[in-house]
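Structure file target26.txt; described as compact mmCIF, C-alpha atoms.
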```
# COMPACT_ATOMS: atom_id res chain seq x y z
CA MET A 1 15.51 27.66 -10.61
CA LEU A 2 13.99 26.65 -13.96
CA LYS A 3 14.27 22.98 -12.99
CA ARG A 4 12.45 23.66 -9.72
CA ILE A 5 9.67 25.50 -11.54
CA LEU A 6 9.28 22.62 -14.01
CA ALA A 7 9.29 20.15 -11.13
CA GLY A 8 6.65 22.28 -9.41
CA ILE A 9 4.43 22.21 -12.51
CA VAL A 10 4.75 18.43 -12.68
CA PHE A 11 4.18 18.12 -8.94
CA TYR A 12 1.02 20.23 -8.69
CA GLY A 13 -0.39 18.85 -11.93
CA SER A 14 0.22 15.33 -10.67
CA VAL A 15 -1.31 16.11 -7.29
CA VAL A 16 -4.56 17.26 -8.89
CA PHE A 17 -4.85 14.61 -11.58
CA LEU A 18 -3.64 11.54 -9.69
CA THR A 19 -5.45 12.42 -6.47
CA LEU A 20 -8.73 12.93 -8.32
CA PHE A 21 -8.27 9.78 -10.43
CA TRP A 22 -7.34 7.46 -7.57
CA SER A 23 -9.83 8.98 -5.13
CA LEU A 24 -12.67 8.34 -7.57
CA SER A 25 -11.30 4.84 -8.28
CA ILE A 26 -11.23 4.04 -4.55
CA ILE A 27 -14.78 5.33 -4.07
CA LEU A 28 -16.04 3.24 -6.99
CA SER A 29 -14.14 0.21 -5.73
CA ALA A 30 -16.33 0.31 -2.62
CA LEU A 31 -19.20 -0.86 -4.84
CA LEU A 32 -17.39 -4.13 -5.62
CA PRO A 33 -17.93 -7.28 -3.54
CA GLU A 34 -15.87 -7.72 -0.37
CA PHE A 35 -14.09 -11.06 -0.09
CA THR A 36 -12.65 -10.64 3.43
CA LYS A 37 -13.74 -8.75 6.53
CA ASN A 38 -11.28 -5.96 5.64
CA GLY A 39 -11.79 -6.35 1.89
CA ARG A 40 -13.08 -2.92 0.94
CA SER A 41 -10.61 -0.93 3.02
CA ASN A 42 -7.65 -3.19 2.13
CA ARG A 43 -8.41 -2.76 -1.55
CA GLY A 44 -8.74 1.00 -1.11
CA HIS A 45 -5.46 1.19 0.78
CA SER A 46 -3.65 -0.80 -1.92
CA MET A 47 -4.96 1.61 -4.54
CA ALA A 48 -3.87 4.56 -2.42
CA GLY A 49 -0.42 2.98 -2.27
CA ILE A 50 -0.24 3.01 -6.07
CA TRP A 51 -1.25 6.68 -5.99
CA GLY A 52 1.46 7.53 -3.45
CA ARG A 53 4.28 5.63 -5.14
CA THR A 54 3.34 6.95 -8.59
CA MET A 55 3.25 10.51 -7.27
CA PHE A 56 6.75 10.17 -5.90
CA ARG A 57 8.24 8.43 -8.93
CA ILE A 58 7.16 10.95 -11.55
CA ILE A 59 8.50 14.08 -9.83
CA PRO A 60 11.86 15.02 -11.42
CA GLY A 61 14.76 14.45 -9.02
CA TRP A 62 12.80 12.54 -6.37
CA HIS A 63 14.18 9.15 -5.34
CA VAL A 64 13.48 6.67 -2.53
CA LYS A 65 15.74 4.12 -0.86
CA VAL A 66 14.35 1.57 1.58
CA GLU A 67 16.38 -0.32 4.18
CA GLY A 68 15.32 -2.91 6.72
CA ARG A 69 12.59 -4.65 4.73
CA GLU A 70 13.38 -7.79 6.72
CA ASN A 71 11.81 -6.07 9.74
CA ILE A 72 8.45 -5.60 8.03
CA PRO A 73 5.92 -7.95 9.69
CA ALA A 74 4.08 -10.63 7.78
CA ASN A 75 0.41 -10.16 6.89
CA ASN A 76 -2.08 -10.44 9.76
CA ASP A 77 0.65 -9.53 12.26
CA PRO A 78 -0.36 -5.98 13.24
CA VAL A 79 2.02 -3.44 14.73
CA VAL A 80 1.93 0.20 15.72
CA MET A 81 4.16 1.95 13.19
CA VAL A 82 5.84 5.16 14.38
CA ALA A 83 8.06 7.52 12.39
CA ASN A 84 9.64 10.94 12.62
CA HIS A 85 7.84 13.63 10.63
CA GLU A 86 9.75 15.94 8.28
CA SER A 87 7.44 16.78 5.40
CA LEU A 88 4.01 16.63 3.80
CA VAL A 89 5.34 13.86 1.54
CA ASP A 90 6.28 11.51 4.40
CA ILE A 91 3.12 9.45 3.97
CA LEU A 92 3.90 8.94 0.26
CA VAL A 93 7.26 7.47 1.22
CA VAL A 94 5.72 5.08 3.77
CA TYR A 95 3.59 3.61 0.98
CA PHE A 96 6.83 2.20 -0.46
CA LEU A 97 6.80 -0.35 2.39
CA LYS A 98 3.74 -1.93 0.73
CA MET A 99 2.11 -2.72 4.08
CA GLN A 100 -1.54 -2.59 5.00
CA PHE A 101 -1.95 0.16 7.59
CA ARG A 102 -4.34 2.89 8.61
CA TRP A 103 -3.43 6.36 9.82
CA LEU A 104 -4.91 9.36 11.59
CA SER A 105 -5.74 12.46 9.58
CA LYS A 106 -6.89 15.94 10.47
CA GLU A 107 -10.68 16.06 10.45
CA SER A 108 -10.58 19.04 8.08
CA VAL A 109 -8.78 16.94 5.44
CA MET A 110 -11.45 14.25 5.70
CA ARG A 111 -14.07 16.88 4.84
CA ILE A 112 -12.49 17.64 1.44
CA PRO A 113 -14.92 16.44 -1.27
CA ILE A 114 -13.96 13.20 -3.03
CA LEU A 115 -10.57 12.92 -1.26
CA GLY A 116 -12.18 12.75 2.18
CA ARG A 117 -14.66 10.12 1.03
CA ALA A 118 -11.85 8.02 -0.45
CA MET A 119 -9.93 8.24 2.83
CA ARG A 120 -12.96 6.99 4.73
CA VAL A 121 -13.32 4.07 2.32
CA CYS A 122 -9.69 3.19 3.10
CA GLY A 123 -10.52 3.24 6.81
CA HIS A 124 -8.34 6.16 7.88
CA ILE A 125 -9.37 7.84 11.11
CA PRO A 126 -10.35 11.51 11.51
CA LEU A 127 -8.78 13.47 14.35
CA LYS A 128 -9.57 16.94 15.64
CA ARG A 129 -6.41 18.45 17.08
CA GLY A 130 -6.68 19.75 20.61
CA ASP A 131 -9.96 17.89 21.21
CA LYS A 132 -9.48 15.31 23.97
CA SER A 133 -12.66 13.40 23.16
CA SER A 134 -11.67 13.20 19.47
CA HIS A 135 -8.29 11.73 20.49
CA GLU A 136 -10.01 9.14 22.66
CA VAL A 137 -12.37 8.13 19.84
CA ALA A 138 -9.43 7.91 17.42
CA LEU A 139 -7.45 5.65 19.76
CA ARG A 140 -10.47 3.35 20.23
CA ALA A 141 -10.88 3.14 16.45
CA SER A 142 -7.15 2.43 16.15
CA ALA A 143 -7.45 -0.41 18.67
CA GLU A 144 -10.29 -1.90 16.62
CA TRP A 145 -8.10 -1.95 13.51
CA LEU A 146 -5.29 -3.68 15.40
CA GLN A 147 -7.76 -6.27 16.66
CA ARG A 148 -8.76 -6.89 13.04
CA GLY A 149 -5.14 -7.57 12.08
CA ILE A 150 -4.38 -4.19 10.49
CA SER A 151 -1.40 -2.06 11.55
CA MET A 152 -1.76 1.56 12.64
CA PHE A 153 0.63 4.34 11.62
CA PHE A 154 1.50 7.37 13.78
CA PHE A 155 3.73 10.44 13.72
CA PRO A 156 4.29 10.70 17.51
CA GLU A 157 5.71 14.21 17.23
CA GLY A 158 2.19 15.35 16.38
CA THR A 159 3.40 17.76 13.69
CA ARG A 160 6.36 18.21 11.38
CA SER A 161 9.80 19.03 12.76
CA GLU A 162 10.87 22.65 12.40
CA THR A 163 14.33 21.47 11.29
CA PRO A 164 14.77 18.17 9.38
CA GLY A 165 16.60 15.63 11.53
CA GLN A 166 15.74 17.39 14.79
CA MET A 167 12.75 15.58 16.25
CA ARG A 168 10.21 16.99 18.65
CA PRO A 169 9.40 15.00 21.80
CA PHE A 170 7.16 11.98 21.18
CA LYS A 171 3.60 11.95 22.51
CA VAL A 172 2.66 8.73 24.30
CA GLY A 173 -0.64 7.85 22.61
CA ALA A 174 0.78 5.38 20.09
CA PHE A 175 2.87 3.68 22.77
CA LYS A 176 -0.03 3.37 25.16
CA LEU A 177 -2.05 1.85 22.32
CA SER A 178 0.74 -0.64 21.62
CA ALA A 179 0.93 -1.74 25.25
CA GLU A 180 -2.82 -1.97 25.82
CA CYS A 181 -3.37 -3.97 22.62
CA GLY A 182 -0.36 -6.23 23.22
CA VAL A 183 1.33 -5.47 19.89
CA ASP A 184 4.85 -4.34 19.02
CA VAL A 185 5.92 -0.90 17.93
CA LEU A 186 7.67 -0.78 14.55
CA PRO A 187 10.05 2.22 14.54
CA ILE A 188 10.70 3.87 11.16
CA ALA A 189 13.36 6.48 10.42
CA LEU A 190 12.78 8.93 7.55
CA THR A 191 15.36 11.34 6.22
CA GLY A 192 15.44 13.55 3.14
CA ALA A 193 11.69 14.23 2.96
CA GLY A 194 12.26 17.62 4.53
CA LYS A 195 14.57 18.44 1.63
CA VAL A 196 12.32 17.40 -1.25
CA PHE A 197 9.53 19.60 0.08
CA ARG A 198 10.61 22.02 2.79
CA LYS A 199 8.18 23.22 5.46
CA GLY A 200 6.62 26.42 4.19
CA GLY A 201 8.08 25.87 0.71
CA LYS A 202 6.08 26.20 -2.50
CA LEU A 203 8.32 24.31 -4.94
CA PRO A 204 9.84 20.81 -4.62
CA ASP A 205 13.60 20.20 -4.61
CA ALA A 206 15.53 17.24 -5.99
CA ALA A 207 16.63 14.85 -3.23
CA THR A 208 16.75 11.22 -2.19
CA VAL A 209 14.50 10.16 0.66
CA LYS A 210 15.74 7.27 2.77
CA ILE A 211 13.44 5.12 4.88
CA LYS A 212 14.78 2.60 7.35
CA VAL A 213 12.60 0.06 9.12
CA LEU A 214 14.04 -0.77 12.52
CA PRO A 215 13.51 -3.97 14.56
CA ARG A 216 10.22 -4.25 16.38
CA THR A 217 10.03 -3.58 20.10
CA ARG A 218 7.47 -3.48 22.88
CA ARG A 219 7.11 -2.02 26.33
CA PHE A 220 9.42 -3.46 28.97
CA GLU A 221 7.92 -4.68 32.23
CA GLY A 222 7.51 -1.73 34.58
CA GLU A 223 8.46 0.81 31.89
CA THR A 224 6.40 4.00 31.86
CA TYR A 225 4.74 5.11 28.63
CA GLU A 226 6.96 8.19 28.62
CA ALA A 227 10.10 6.05 28.93
CA TYR A 228 8.80 3.70 26.21
CA ALA A 229 8.23 6.62 23.85
CA SER A 230 11.62 8.14 24.68
CA ARG A 231 13.42 4.84 24.08
CA VAL A 232 11.84 4.41 20.64
CA ARG A 233 12.55 8.05 19.81
CA SER A 234 16.21 7.49 20.69
CA SER A 235 16.39 4.44 18.41
CA ILE A 236 15.02 6.48 15.51
CA GLU A 237 17.38 9.36 16.31
CA SER A 238 20.36 6.97 16.28
CA ALA A 239 19.23 5.50 12.97
CA LEU A 240 18.91 8.97 11.44
CA ALA A 241 22.47 9.82 12.50
CA GLY A 242 23.72 6.80 10.58
CA MET A 243 21.64 7.62 7.49
CA ALA A 244 22.94 11.14 6.96
```
Could the structure of this file be written out as structure tokens, please?
Amino acid sequence: MLKRILAGIVFYGSVVFLTLFWSLSIILSALLPEFTKNGRSNRGHSMAGIWGRTMFRIIPGWHVKVEGRENIPANNDPVVMVANHESLVDILVVYFLKMQFRWLSKESVMRIPILGRAMRVCGHIPLKRGDKSSHEVALRASAEWLQRGISMFFFPEGTRSETPGQMRPFKVGAFKLSAECGVDVLPIALTGAGKVFRKGGKLPDAATVKIKVLPRTRRFEGETYEAYASRVRSSIESALAGMA
């Protein structure tokens, strides 16, 4: 228990310090010249990646293993990234892929002072849950990023799984976006994140998080969006069974 308490002190102290430091750094970086059309947001995202990976590496007992790096697309080859959702720390783990991507965040998070501004600099997209018009705006913004050569990241379950390893059904938004924009879906399997920080838990646990990047896929001719989403969900489920 003492180890968990110490890990919790390190975790919460790191959250406050590193988030404040990197958020301010990202905001200030927006004042620097942009050298490409995505320059400011790409730079901000890269800095956020350092924040995420540093956060994960300094917590006692937290480790990450990445498989399938050969399936990561080259730069300027956008995809719709989809992953199962176990924990609040999932997004930190995805930063270990070192890809440029943007993701959807609850609108309330984007209103947090400093952090919210930094997220907007990075180009992340606000989303109001349960608001149909907000979802439509978010998907249009996502399509614009794909058209600019930047990948989009989604948790198709919509929220975290109640039990790690047992996924909820996938919503079709990400898959419809993939088909309409003519880009592949990049399935990603995450396991262990639900152990390092359990849903409803207050203190972190020691564990190894594994992330596996699966081969890209796209909608088959005549395939419904629901079938497309189910097929990708099944591929992630199969990968998780082999990662246990």
Test item: residues at most 10 Å from Ser41 in chain A, only C-alpha atoms, excluding those fewer than 5 positions along its chain, as a PyMOL selection string: chain A and resi 26+29-30+34+36+46-47+100-102+118-124
Hey, which of A:Arg111, A:Arg160, A:Lys98, A:Arg117 ends up closest to Ala83 in chain A? Count all atoms listed in the file.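 The closest residue to Ala83 in chain A is A:Arg160.
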Neighbours of Ile236 in chain A within 8 Å (all atoms listed in the file; same-chain residues fewer than 6 positions away dropped), as a PDB file with C-alpha atoms, keeping the file's coordinate frame?
```
ATOM      1  CA  ALA A  83       8.060   7.520  12.390  1.00  0.00           C
ATOM      2  CA  ASN A  84       9.640  10.940  12.620  1.00  0.00           C
ATOM      3  CA  PRO A 187      10.050   2.220  14.540  1.00  0.00           C
ATOM      4  CA  ILE A 188      10.700   3.870  11.160  1.00  0.00           C
ATOM      5  CA  ALA A 189      13.360   6.480  10.420  1.00  0.00           C
ATOM      6  CA  LEU A 214      14.040  -0.770  12.520  1.00  0.00           C
TER       7      LEU A 214
END
```
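Among the candidate residues A:Glu107, A:Glu221, A:Glu86, A:Glu226, the one lying nearest to Ser161 in chain A is A:Glu86, with distances computed using all atoms listed in the file.
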Fewer than 3 positions away in the same chain doesn't count, so skip those; otherwise give me all residues within 7 Å of Met81 in chain A, counting all atoms listed in the file, as JSON, numbers by chain. {"A": [152, 153, 154, 185, 186, 187]}
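Every residue within 12 Å of the file position (11.3, -5.3, 15.6), judged by only C-alpha atoms, is given as Gly68, Arg69, Glu70, Asn71, Ile72, Pro73, Ala74, Asp77, Pro78, Val79, Val80, Met81, Val82, Val183, Asp184, Val185, Leu186, Pro187, Ile188, Lys212, Val213, Leu214, Pro215, Arg216, Thr217, Arg218, Arg219, Val232 and Ser235 of chain A.
Between His135 in chain A and the candidates A:Gly173, A:Gly149, A:Gly194, A:Gly116, the tightest atom-to-atom separation, counting only C-alpha atoms, involves A:Gly173.
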Kindly provide, as a PyMOL selection string, the polymer residues lying within 12 Å of (7.1, 23.2, -11.4), counting all atoms listed in the file and using the coordinates exactly as they appear in the file. chain A and resi 1-15+59-61+202-206
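Note that the spacing between CA of Arg57 in chain A and CA of Leu31 in chain A amounts to 29.3 Å.
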Between CA of Tyr228 in chain A and CA of Leu240 in chain A - distance in Å to one decimal: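 Atom-to-atom, CA of Leu240 in chain A to CA of Tyr228 in chain A, that is 18.7 Å.
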From the list A:Val209, A:Ala244, A:Val66, A:Ala174, which residue is nearest Phe197 in chain A when using only C-alpha atoms?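 Ranked by minimum distance to Phe197 in chain A, first place goes to A:Val209.
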Point-to-point distance in Å for CA of Ile150 in chain A and CA of Tyr225 in chain A: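 Here the two named atoms are 22.3 Å from each other.
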Neighbour list for Lys128 in chain A as a PDB file with C-alpha atoms, in the coordinates of the input, cut-off 8 Å, all atoms listed in the file, skip fewer than 2 positions in-chain:
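Listed below is the output, out.pdb:
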```pdb
ATOM      1  CA  LYS A 106      -6.890  15.940  10.470  1.00  0.00           C
ATOM      2  CA  GLU A 107     -10.680  16.060  10.450  1.00  0.00           C
ATOM      3  CA  SER A 108     -10.580  19.040   8.080  1.00  0.00           C
ATOM      4  CA  PRO A 126     -10.350  11.510  11.510  1.00  0.00           C
ATOM      5  CA  GLY A 130      -6.680  19.750  20.610  1.00  0.00           C
ATOM      6  CA  ASP A 131      -9.960  17.890  21.210  1.00  0.00           C
ATOM      7  CA  SER A 134     -11.670  13.200  19.470  1.00  0.00           C
ATOM      8  CA  HIS A 135      -8.290  11.730  20.490  1.00  0.00           C
TER       9      HIS A 135
END
```
